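A.B. asks: Structure provided below as structure tokens; questions to follow.
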Amino acid sequence: MATDIIQAISTNLLSPAVLFFGLGLIAALLKSDLKFPEALYVTLTIYLLAALGFKGGVAISEAGIATVFLPAVAAMALGAVIPLWIYPLLRFGGRLRPVDAAAVAAHYGSVSAVTFITATNYLKGINEPYENYATAFLAVMESPAIVVGVVLGKMSLGPQPGIFGGSLRKVLHEALLGRSVFLLFGTLVAGALCGKAGMDRVEPFFVGPFQGVLALFLLEMGLVAGRRLEDLKKVGPFLVAFAIVLPLLHGFLGVVVGKYAGLSVGGTTLMGVLAASASYIAAPAAMRLSLPDANPALYLTPSLAVTFPFNVGIGIPIYYAFARYLVS
Amino acid sequence: MATDIIQAISTNLLSPAVLFFGLGLIAALLKSDLKFPEALYVTLTIYLLAALGFKGGVAISEAGIATVFLPAVAAMALGAVIPLWIYPLLRFGGRLRPVDAAAVAAHYGSVSAVTFITATNYLKGINEPYENYATAFLAVMESPAIVVGVVLGKMSLGPQPGIFGGSLRKVLHEALLGRSVFLLFGTLVAGALCGKAGMDRVEPFFVGPFQGVLALFLLEMGLVAGRRLEDLKKVGPFLVAFAIVLPLLHGFLGVVVGKYAGLSVGGTTLMGVLAASASYIAAPAAMRLSLPDANPALYLTPSLAVTFPFNVGIGIPIYYAFARYLVS
Amino acid sequence: MATDIIQAISTNLLSPAVLFFGLGLIAALLKSDLKFPEALYVTLTIYLLAALGFKGGVAISEAGIATVFLPAVAAMALGAVIPLWIYPLLRFGGRLRPVDAAAVAAHYGSVSAVTFITATNYLKGINEPYENYATAFLAVMESPAIVVGVVLGKMSLGPQPGIFGGSLRKVLHEALLGRSVFLLFGTLVAGALCGKAGMDRVEPFFVGPFQGVLALFLLEMGLVAGRRLEDLKKVGPFLVAFAIVLPLLHGFLGVVVGKYAGLSVGGTTLMGVLAASASYIAAPAAMRLSLPDANPALYLTPSLAVTFPFNVGIGIPIYYAFARYLVS
Amino acid sequence: MTTHAVKLVTIICEALARKPLQQLLDEVGAHGYILFTVEGDGRQGRRTADIREFANIQVEVIVAPAVAEQLLLRLEREFFPKFAMVAHESDVRVLRRDKF
Amino acid sequence: MTTHAVKLVTIICEALARKPLQQLLDEVGAHGYILFTVEGDGRQGRRTADIREFANIQVEVIVAPAVAEQLLLRLEREFFPKFAMVAHESDVRVLRRDKF
Amino acid sequence: MTTHAVKLVTIICEALARKPLQQLLDEVGAHGYILFTVEGDGRQGRRTADIREFANIQVEVIVAPAVAEQLLLRLEREFFPKFAMVAHESDVRVLRRDKF
Ligand SMILES: Nc1ncnc2c1ncn2[C@@H]1O[C@H](COP(=O)(O)O)[C@@H](O)[C@H]1O
Ligand SMILES: Nc1ncnc2c1ncn2[C@@H]1O[C@H](COP(=O)(O)O)[C@@H](O)[C@H]1O
Ligand SMILES: Nc1ncnc2c1ncn2[C@@H]1O[C@H](COP(=O)(O)O)[C@@H](O)[C@H]1O
Ligand code: NA
Ligand code: NA
Ligand code: NA
């Protein structure tokens, strides 16, 4: 398996998308002038999520809700329970304040859509088929851990008056109507309603250019992640190690769940990737809103500057190797 | 004809573009965070207009100016006369102030490029051929009604001193060199000069992705229209009814004009759509500049929050049914 | 050769990209409202440079570094020496201040990526093959002349205290890590590492739409260049003539160098285009940073409002005619 | 270093008021201005700035005190009845008075 | 022309503080505001504004003096400990006092 | 609540002056700033802000009075002769003086 993994990693590292990511990292480290406009970042995000959701919806319309239901529930449950062991680990192993432990737990139970997309791209590159409806797992896995994390954090802080206290309603609104979840769910439904006939009409936009757009987007994400690298010193060795070891464990766990949910090697890989990935957009936004006392350096930097690059470059092929080993 | 229409409407509602529009409406109503950057809106507009104009120009170079001339003049005349009955209707039927009646008249005589594009998309989806040079009708129909409306409004206000008074020159400059008219005319000419050989070179950019880009754009337009829905209460039932009934009448009228101008079923549909559609970008801009005393709630809200969604979802297949009924 | 050239020019003028450029010029002259958002400009730049670099890198991986090395060194040398005769010419012929002469020299020794891309587009349009790795010449030719120009200018000013004085380090950082050079080099390397297999995956994004995107970009560049046309009166007849005559001389020189470097007719044309083109983004940025006493009207306006449109419309087919004449 | 007291007039309004506003600035004799798009909320509802034509702009203009007075007067008379608009004036100091 | 003295409160903060800040503005009784994205640098490092979520925003709000005092007080107490944030207040004059 | 009087220095200039300006801010001891792109018009013509490199930027920096004086002095001497630039200074109050 070791040579398999090394082989898989180097294939991954030499794909256009991952090379562009590396280029972005280097640009950030060399303090190059290169900077994407905010509008381009938002545009690429909207495009990637809409394309992913629409394709996923079409796949659901073909496979049937019944097929998707079980693994989707498994994915959701996995997302919701991951914070439950991260919290004590960070509280007592990492000696983090309760609110910080809760915030980090929310991030690692939630998911990174970009990591997921990079993984589908990897599978396409090595001609490994996967269930296109796996997008549904991505969609349902973003929010549960965030809600669990916020509840853990609020419990630890006790009742709070004023703007930052109060009910869970705001968290739920944010979790369910935030940009990425809304776009994914909405386009999943649109795709499911249109089916194949609809796909034929938008394919040259949403399918053909997808891999190239991803490469461009990863260039930007390399810049964004690279700029955070200097914050690593504020994070400490425990959290840096955490940000690599936990994804490996969760990747393995995700693969096991995927296998028992009856997915193919490709789909199982994706379940591993989802479990291993950590949020760095939706979760931080929810934390600033609902747990503003948590320290962003402790949750955003590990997730964005360690786990994300690790998964994109090395993690994905490892989870694939796990899946091949377990499933076939 | 009734079952035909219902069938046509449901086909339309299940196309990706219209589903994305609905998604935008829902996002706005649920107050989701989803928001397109201004730069993306402008980019999509430029792309759609340039693609449309260029394709239209290539079609003109093939059909010859002579073929296009008569129906284009008919379209222009139609745009110019529509305000002449809307104005008295709103003045006396709707009891609007003269300046408001003139402003609304300008909007409904002018056209919505997005509605037109959605209609071409609908025709493509049901494999109904149409004259690609119909873009020329769109290009010539935007301005005449705006000029007529401004003249009606200025006459009603009497001579005005200062910045907002004065000549028609500003109106004409705005009407002829505004972004959309300029882009459409310019790319029509470019397309006509290049012809088929030029088209071959830009086809993968301007043709293939067009329907997908439209879907994305309609998502944004759903958001924009949806945010205006709460202004409907300021508008009153008369104008809301007006914003549905008049398009139906104009749609029928446009179809009649299209038929006598010798267009195919598809082209006739498009002429109906143009007559039925109302402007919500170019006309409001001209009004704020030349008739700033008119109340935007009375012209923008009906056009953007009622007529536009009505046409996109239901109007287009109805005008198509009219056209089939009359032409074939 | 004369009829050849006239034929070649009119073919060029009727291509979509050049027509769109003309449309932008007209929009600027008529003071149309048309305006691209800044984010779109940056996006199109990033796309074009990344596509160009990646394609070039793939070509290098196929041709081998050895093939590319000699002509690349020749290109670099050409860029570095051009300022050496422009400086005295402008100092003594044009009676410019030393610092202004140095700044203009930097611009004309450096290159315009957009002109280069338009030239590849022209060659594609007339089915004239060229070495795809010519992008490497573009990449190495941007900076040398800028460094030479800054050194000439600094020497003329003598030692300067404070923020604008001091070392060459800033200039070099700017020259090597500026957006365009970094993107070109980075994507060249990425393309070279991926090779053909990588290209297959991103081709529908980076290759298919390329010519259409270029057309859209040239529309914007027409606007930008057109807005500068009124500054021409500040520039004087000497510099205007300079901005047309020098490109013709450099174009011929570049073609000679390309021929002796063993390039095809297409590649030789591109070498001529590079020599003839003048920078209007990277060089002005470097001048404002390192020679802020130079007068921008004297370097930016000739380069952007004269040389650039001249090359795009007329120069490119002329250099092609030179190349055909000399090489075949 | 001597600084001179002048006025900074700031105008927030709907983007479509831009051209007449530029004309007004010319007429009262302002020598320059800056302008940028802003989101906003006010009595006339939220403006999300997602469509250029429906956005708010903020215009800032440095002028001599007499010009500021004239500008505010005409804004109040000619613009406030027609446009969604807020304007305020404050005291600033500049280095070169002759520019303004 | 009579102008009225009011306060302009300017707040620079991380974009993710936006929603609670809007709630605070409501609670203290501000009637409107403008908001735009800015790049910035400060004690907590550079913010390049390339990702909407990680950018800085500048919020400007015109309020009566008593509201300004209330707003600054609550910013200091409730927001400064949690967010990267700078706030300042200045004197401006407006034409229609009742709007603010 | 105690507020402290400091200065807000606002600089409008061509985008390409950005790097030397940042260096100047460092040298005079400013602890932070914000920066955004603006359109503008002035004696040196219209700037439409469609190309990042040719746009105007507005930089706002809160500093102690002595730093403001130093900053304006050096702007006048070292920057005004070289760049299209406007600078103005005004009085603002902040909550935490030690930040500036
Ligand atoms: N108190 C305020 N402070 C700052 N900006 C305001 C204020 N009130 C209104 N605005 C801005 O001015 C625009 C027009 O105001 P209004 O006419 O009240 O809707 C709004 O969209 C806001 O952006
Ligand atoms: N002295 C200052 N003048 C203007 N803006 C500042 C200043 N200090 C900080 N800021 C802005 O406020 C944000 C938060 O400040 P800080 O907490 O110091 O990082 C920074 O990103 C800057 O945009
Ligand atoms: N009176 C003014 N008020 C506000 N901004 C100004 C003023 N004059 C000039 N500016 C801005 O400063 C920039 C440079 O000014 P100038 O050197 O006069 O062209 C212009 O592009 C404007 O954006
Ligand atoms: Na996870
Ligand atoms: Na109409
Ligand atoms: Na050159």
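Here, A, B, ... name the chains of the structure tokens in the order displayed, residue numbers run from 1 inside each chain, and ligands are numbered from 1 in the same displayed order.
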Starting from chain F, keep only residues with some atom at most 10 Å from an atom of chain D, counting only C-alpha atoms, and report them as a tab-separated table (two decimals) with C-alpha atoms, in the first residue's frame.
C.D. replies:
chain	number	residue	atom	x	y	z
F	8	LEU	CA	-7.73	61.66	10.55
F	9	VAL	CA	-5.51	62.20	7.53
F	10	THR	CA	-7.12	61.35	4.19
F	12	ILE	CA	-6.42	60.57	-2.46
F	36	PHE	CA	-10.02	51.61	-1.08
F	37	THR	CA	-10.40	52.33	-4.77
F	38	VAL	CA	-12.33	55.41	-5.85
F	39	GLU	CA	-13.28	57.06	-9.07
F	40	GLY	CA	-12.47	60.70	-9.29
F	41	ASP	CA	-12.08	63.86	-11.21
F	42	GLY	CA	-9.60	66.62	-10.69
F	43	ARG	CA	-7.24	69.03	-12.40
F	44	GLN	CA	-5.41	66.12	-13.98
F	45	GLY	CA	-8.53	64.72	-15.57
F	46	ARG	CA	-11.01	61.97	-14.92
F	47	ARG	CA	-9.98	58.65	-13.40
F	48	THR	CA	-12.54	55.99	-14.14
F	49	ALA	CA	-11.14	53.23	-11.98
F	56	ASN	CA	-7.38	56.39	-7.64
F	57	ILE	CA	-7.12	55.17	-4.10
F	58	GLN	CA	-8.27	56.85	-0.93
F	69	GLU	CA	1.92	67.07	11.08
F	70	GLN	CA	4.95	65.01	10.15
F	72	LEU	CA	1.52	66.08	5.86
F	73	LEU	CA	4.91	67.75	5.82
F	74	ARG	CA	6.55	64.84	4.08
F	75	LEU	CA	3.64	64.37	1.71
F	76	GLU	CA	3.97	67.98	0.64
F	86	VAL	CA	-4.83	65.46	-2.58
F	87	ALA	CA	-4.53	65.27	1.22
F	88	HIS	CA	-6.64	66.67	4.00
F	89	GLU	CA	-6.69	66.48	7.76
F	90	SER	CA	-9.57	66.64	10.23
F	91	ASP	CA	-10.28	66.29	13.94
A.B. asks: Residues of chain C within 6 Å of chain F, using only C-alpha atoms, as a VMD selection string?
C.D. replies: chain C and resid 37 to 38 292 to 293
A.B. asks: If you count only C-alpha atoms, which residues fall within 7 Å of Asp33 in chain A, apart from same-chain ones fewer than 2 positions away, as a list of chain:residue names?
C.D. replies: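 That gives A:Lys31, A:Lys35, C:Leu177, C:Gly178, C:Arg179.
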A.B. asks: Keeping only all heavy atoms, write the selected residues as a PDB file, in the first residue's frame.
C.D. replies:
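For reference, selection.pdb as written:
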ATOM      1  N   LYS A  31       5.483  36.972  -1.411  1.00  0.00           N
ATOM      2  CA  LYS A  31       4.841  38.295  -1.371  1.00  0.00           C
ATOM      3  C   LYS A  31       4.708  38.912  -2.757  1.00  0.00           C
ATOM      4  O   LYS A  31       4.945  40.110  -2.958  1.00  0.00           O
ATOM      5  CB  LYS A  31       5.602  39.243  -0.431  1.00  0.00           C
ATOM      6  CG  LYS A  31       5.806  38.659   0.965  1.00  0.00           C
ATOM      7  CD  LYS A  31       5.905  39.729   2.007  1.00  0.00           C
ATOM      8  CE  LYS A  31       5.984  39.117   3.415  1.00  0.00           C
ATOM      9  NZ  LYS A  31       4.795  38.319   3.766  1.00  0.00           N
ATOM     10  N   LYS A  35      -3.074  39.206  -6.886  1.00  0.00           N
ATOM     11  CA  LYS A  35      -4.226  39.276  -5.988  1.00  0.00           C
ATOM     12  C   LYS A  35      -5.491  39.159  -6.812  1.00  0.00           C
ATOM     13  O   LYS A  35      -5.660  39.877  -7.790  1.00  0.00           O
ATOM     14  CB  LYS A  35      -4.192  40.630  -5.255  1.00  0.00           C
ATOM     15  CG  LYS A  35      -5.143  40.708  -4.089  1.00  0.00           C
ATOM     16  CD  LYS A  35      -5.259  42.120  -3.554  1.00  0.00           C
ATOM     17  CE  LYS A  35      -6.713  42.356  -3.171  1.00  0.00           C
ATOM     18  NZ  LYS A  35      -7.021  43.761  -2.896  1.00  0.00           N
TER      19      LYS A  35
ATOM     20  N   LEU C 177       8.543  39.701  -9.483  1.00  0.00           N
ATOM     21  CA  LEU C 177       7.391  39.173  -8.764  1.00  0.00           C
ATOM     22  C   LEU C 177       6.117  39.960  -9.053  1.00  0.00           C
ATOM     23  O   LEU C 177       5.086  39.741  -8.430  1.00  0.00           O
ATOM     24  CB  LEU C 177       7.667  39.147  -7.259  1.00  0.00           C
ATOM     25  CG  LEU C 177       8.688  38.089  -6.869  1.00  0.00           C
ATOM     26  CD1 LEU C 177       9.025  38.198  -5.395  1.00  0.00           C
ATOM     27  CD2 LEU C 177       8.134  36.696  -7.177  1.00  0.00           C
ATOM     28  N   GLY C 178       6.193  40.873  -9.993  1.00  0.00           N
ATOM     29  CA  GLY C 178       4.979  41.564 -10.437  1.00  0.00           C
ATOM     30  C   GLY C 178       3.991  40.538 -10.970  1.00  0.00           C
ATOM     31  O   GLY C 178       4.376  39.452 -11.406  1.00  0.00           O
ATOM     32  N   ARG C 179       2.729  40.934 -10.945  1.00  0.00           N
ATOM     33  CA  ARG C 179       1.658  40.018 -11.308  1.00  0.00           C
ATOM     34  C   ARG C 179       1.874  39.275 -12.618  1.00  0.00           C
ATOM     35  O   ARG C 179       1.782  38.057 -12.685  1.00  0.00           O
ATOM     36  CB  ARG C 179       0.361  40.814 -11.393  1.00  0.00           C
ATOM     37  CG  ARG C 179      -0.859  39.983 -11.470  1.00  0.00           C
ATOM     38  CD  ARG C 179      -2.089  40.852 -11.299  1.00  0.00           C
ATOM     39  NE  ARG C 179      -2.025  41.968 -12.248  1.00  0.00           N
ATOM     40  CZ  ARG C 179      -3.076  42.626 -12.684  1.00  0.00           C
ATOM     41  NH1 ARG C 179      -4.259  42.314 -12.235  1.00  0.00           N
ATOM     42  NH2 ARG C 179      -2.957  43.613 -13.540  1.00  0.00           N
TER      43      ARG C 179
END
A.B. asks: Do me a favour and pick out the residues of chain B within 9 Å of chain A, using only C-alpha atoms, as a PyMOL selection string.
C.D. replies: chain B and resi 14-17+19-20+23+27+30-40+125+204+208-213+215-216
A.B. asks: Please produce a file of those selected residues containing N, CA, C and O atoms, as a short mmCIF file (atom, residue, chain, number, x, y, z; two decimals), in the first residue's frame.
C.D. replies:
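Final output, part-v8.cif:
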data_model
loop_
_atom_site.label_atom_id
_atom_site.label_comp_id
_atom_site.auth_asym_id
_atom_site.auth_seq_id
_atom_site.Cartn_x
_atom_site.Cartn_y
_atom_site.Cartn_z
N LEU B 14 -39.71 24.19 -15.99
CA LEU B 14 -38.73 23.17 -15.62
C LEU B 14 -37.42 23.28 -16.39
O LEU B 14 -36.59 22.38 -16.34
N SER B 15 -37.22 24.37 -17.09
CA SER B 15 -35.92 24.54 -17.74
C SER B 15 -34.92 25.10 -16.72
O SER B 15 -35.31 25.77 -15.78
N PRO B 16 -33.63 24.79 -16.89
CA PRO B 16 -32.65 25.25 -15.90
C PRO B 16 -32.73 26.75 -15.66
O PRO B 16 -32.72 27.20 -14.51
N ALA B 17 -32.82 27.54 -16.73
CA ALA B 17 -32.78 28.99 -16.57
C ALA B 17 -33.92 29.47 -15.69
O ALA B 17 -33.73 30.27 -14.76
N LEU B 19 -35.75 27.69 -13.58
CA LEU B 19 -35.58 27.17 -12.21
C LEU B 19 -34.57 28.00 -11.43
O LEU B 19 -34.77 28.28 -10.24
N PHE B 20 -33.51 28.40 -12.08
CA PHE B 20 -32.53 29.25 -11.39
C PHE B 20 -33.15 30.59 -11.02
O PHE B 20 -32.86 31.15 -9.97
N LEU B 23 -35.09 30.05 -8.01
CA LEU B 23 -34.20 29.90 -6.87
C LEU B 23 -33.79 31.27 -6.33
O LEU B 23 -33.73 31.49 -5.11
N ALA B 27 -34.48 32.75 -2.67
CA ALA B 27 -33.39 33.25 -1.83
C ALA B 27 -33.72 34.64 -1.30
O ALA B 27 -33.48 34.95 -0.13
N LEU B 30 -36.50 34.40 1.36
CA LEU B 30 -36.03 33.83 2.62
C LEU B 30 -34.90 34.65 3.23
O LEU B 30 -34.32 34.27 4.23
N LYS B 31 -34.58 35.76 2.60
CA LYS B 31 -33.48 36.61 3.08
C LYS B 31 -32.17 35.83 3.26
O LYS B 31 -31.45 35.99 4.24
N SER B 32 -31.90 34.97 2.29
CA SER B 32 -30.61 34.27 2.30
C SER B 32 -29.48 35.28 2.10
O SER B 32 -29.69 36.37 1.59
N ASP B 33 -28.29 34.86 2.51
CA ASP B 33 -27.09 35.68 2.36
C ASP B 33 -26.63 35.82 0.92
O ASP B 33 -25.76 36.64 0.63
N LEU B 34 -27.16 34.98 0.06
CA LEU B 34 -26.66 34.92 -1.31
C LEU B 34 -26.70 36.30 -1.95
O LEU B 34 -27.74 36.95 -1.98
N LYS B 35 -25.57 36.71 -2.51
CA LYS B 35 -25.51 38.02 -3.15
C LYS B 35 -24.44 37.99 -4.22
O LYS B 35 -23.31 37.58 -3.95
N PHE B 36 -24.80 38.38 -5.42
CA PHE B 36 -23.80 38.43 -6.48
C PHE B 36 -23.03 39.74 -6.37
O PHE B 36 -23.61 40.77 -6.07
N PRO B 37 -21.72 39.71 -6.64
CA PRO B 37 -21.01 40.99 -6.67
C PRO B 37 -21.47 41.83 -7.86
O PRO B 37 -21.81 41.28 -8.91
N GLU B 38 -21.46 43.13 -7.68
CA GLU B 38 -21.84 44.04 -8.76
C GLU B 38 -21.06 43.74 -10.03
O GLU B 38 -21.60 43.74 -11.14
N ALA B 39 -19.77 43.46 -9.87
CA ALA B 39 -18.93 43.22 -11.05
C ALA B 39 -19.40 41.99 -11.82
O ALA B 39 -19.31 41.94 -13.05
N LEU B 40 -19.93 40.99 -11.12
CA LEU B 40 -20.42 39.81 -11.81
C LEU B 40 -21.67 40.15 -12.59
O LEU B 40 -21.85 39.73 -13.74
N GLY B 125 -34.92 25.40 -26.49
CA GLY B 125 -35.25 24.22 -25.69
C GLY B 125 -36.34 23.36 -26.32
O GLY B 125 -36.34 22.14 -26.16
N PRO B 204 -16.91 28.90 -29.34
CA PRO B 204 -16.83 28.19 -28.05
C PRO B 204 -17.01 29.11 -26.85
O PRO B 204 -17.28 28.66 -25.75
N GLY B 208 -21.52 28.17 -27.05
CA GLY B 208 -21.63 26.99 -26.19
C GLY B 208 -22.13 27.30 -24.77
O GLY B 208 -23.14 26.77 -24.33
N PRO B 209 -21.43 28.15 -24.06
CA PRO B 209 -21.79 28.36 -22.65
C PRO B 209 -23.02 29.26 -22.45
O PRO B 209 -23.44 29.45 -21.31
N PHE B 210 -23.58 29.79 -23.54
CA PHE B 210 -24.60 30.85 -23.42
C PHE B 210 -25.76 30.46 -22.50
O PHE B 210 -26.16 31.23 -21.62
N GLN B 211 -26.31 29.27 -22.69
CA GLN B 211 -27.49 28.90 -21.90
C GLN B 211 -27.17 28.75 -20.42
O GLN B 211 -27.98 29.09 -19.56
N GLY B 212 -25.96 28.24 -20.15
CA GLY B 212 -25.56 28.12 -18.74
C GLY B 212 -25.35 29.48 -18.11
O GLY B 212 -25.77 29.71 -16.96
N VAL B 213 -24.73 30.38 -18.85
CA VAL B 213 -24.52 31.73 -18.32
C VAL B 213 -25.87 32.39 -18.05
O VAL B 213 -26.06 33.05 -17.03
N ALA B 215 -28.59 30.95 -17.20
CA ALA B 215 -29.15 30.38 -15.96
C ALA B 215 -28.55 31.10 -14.75
O ALA B 215 -29.27 31.53 -13.84
N LEU B 216 -27.24 31.26 -14.75
CA LEU B 216 -26.58 31.94 -13.64
C LEU B 216 -27.11 33.37 -13.51
O LEU B 216 -27.37 33.87 -12.40
#
A.B. asks: At a cut-off of 8 Å around ligand 5, and using only C-alpha atoms and all ligand atoms, what residues come up? Please write them as a PDB file with C-alpha atoms, in the first residue's frame.
C.D. replies:
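Just written: result_11.pdb:
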ATOM      1  CA  GLY B  79     -42.192  50.487 -29.388  1.00  0.00           C
ATOM      2  CA  ILE B  82     -47.206  51.699 -27.140  1.00  0.00           C
ATOM      3  CA  HIS B 107     -40.986  51.419 -19.471  1.00  0.00           C
ATOM      4  CA  TYR B 108     -43.665  49.341 -21.157  1.00  0.00           C
ATOM      5  CA  GLY B 109     -42.934  50.597 -24.639  1.00  0.00           C
ATOM      6  CA  SER B 110     -39.268  49.808 -24.142  1.00  0.00           C
ATOM      7  CA  VAL B 111     -37.984  46.260 -23.776  1.00  0.00           C
ATOM      8  CA  SER B 112     -36.158  43.866 -21.471  1.00  0.00           C
ATOM      9  CA  MET B 141     -36.915  48.805 -29.649  1.00  0.00           C
ATOM     10  CA  PRO B 247     -48.039  42.494 -21.332  1.00  0.00           C
ATOM     11  CA  HIS B 250     -48.903  43.692 -26.048  1.00  0.00           C
ATOM     12  CA  VAL B 273     -42.087  38.939 -26.194  1.00  0.00           C
ATOM     13  CA  LEU B 274     -40.449  42.258 -27.030  1.00  0.00           C
ATOM     14  CA  ALA B 275     -43.773  44.069 -27.108  1.00  0.00           C
ATOM     15  CA  ALA B 276     -44.851  42.421 -23.860  1.00  0.00           C
ATOM     16  CA  SER B 277     -41.623  43.011 -21.968  1.00  0.00           C
ATOM     17  CA  ALA B 278     -40.894  46.137 -19.993  1.00  0.00           C
ATOM     18  CA  SER B 279     -37.555  47.804 -19.346  1.00  0.00           C
TER      19      SER B 279
END
A.B. asks: Go ahead and compute the interatomic distance for CA of Ser143 in chain C and CA of Leu223 in chain A, in Å to one decimal.
C.D. replies: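 Rounded to one decimal, the two atoms are 23.2 Å apart.
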A.B. asks: Tell me which protein, DNA and RNA residues are within 12 Å of range 90-100 of chain A, counting only C-alpha atoms, leaving out same-chain ones fewer than 2 positions away, and put them as a PyMOL selection string.
C.D. replies: chain A and resi 83-88+102-108+149-158+235-243+246+284+287-288+290-300
A.B. asks: What does the distance from CA of Asp26 in chain D to CA of Ala282 in chain B come to in Å, to one decimal?
C.D. replies: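 Pair CA of Asp26 in chain D / CA of Ala282 in chain B returns 25.2 Å.
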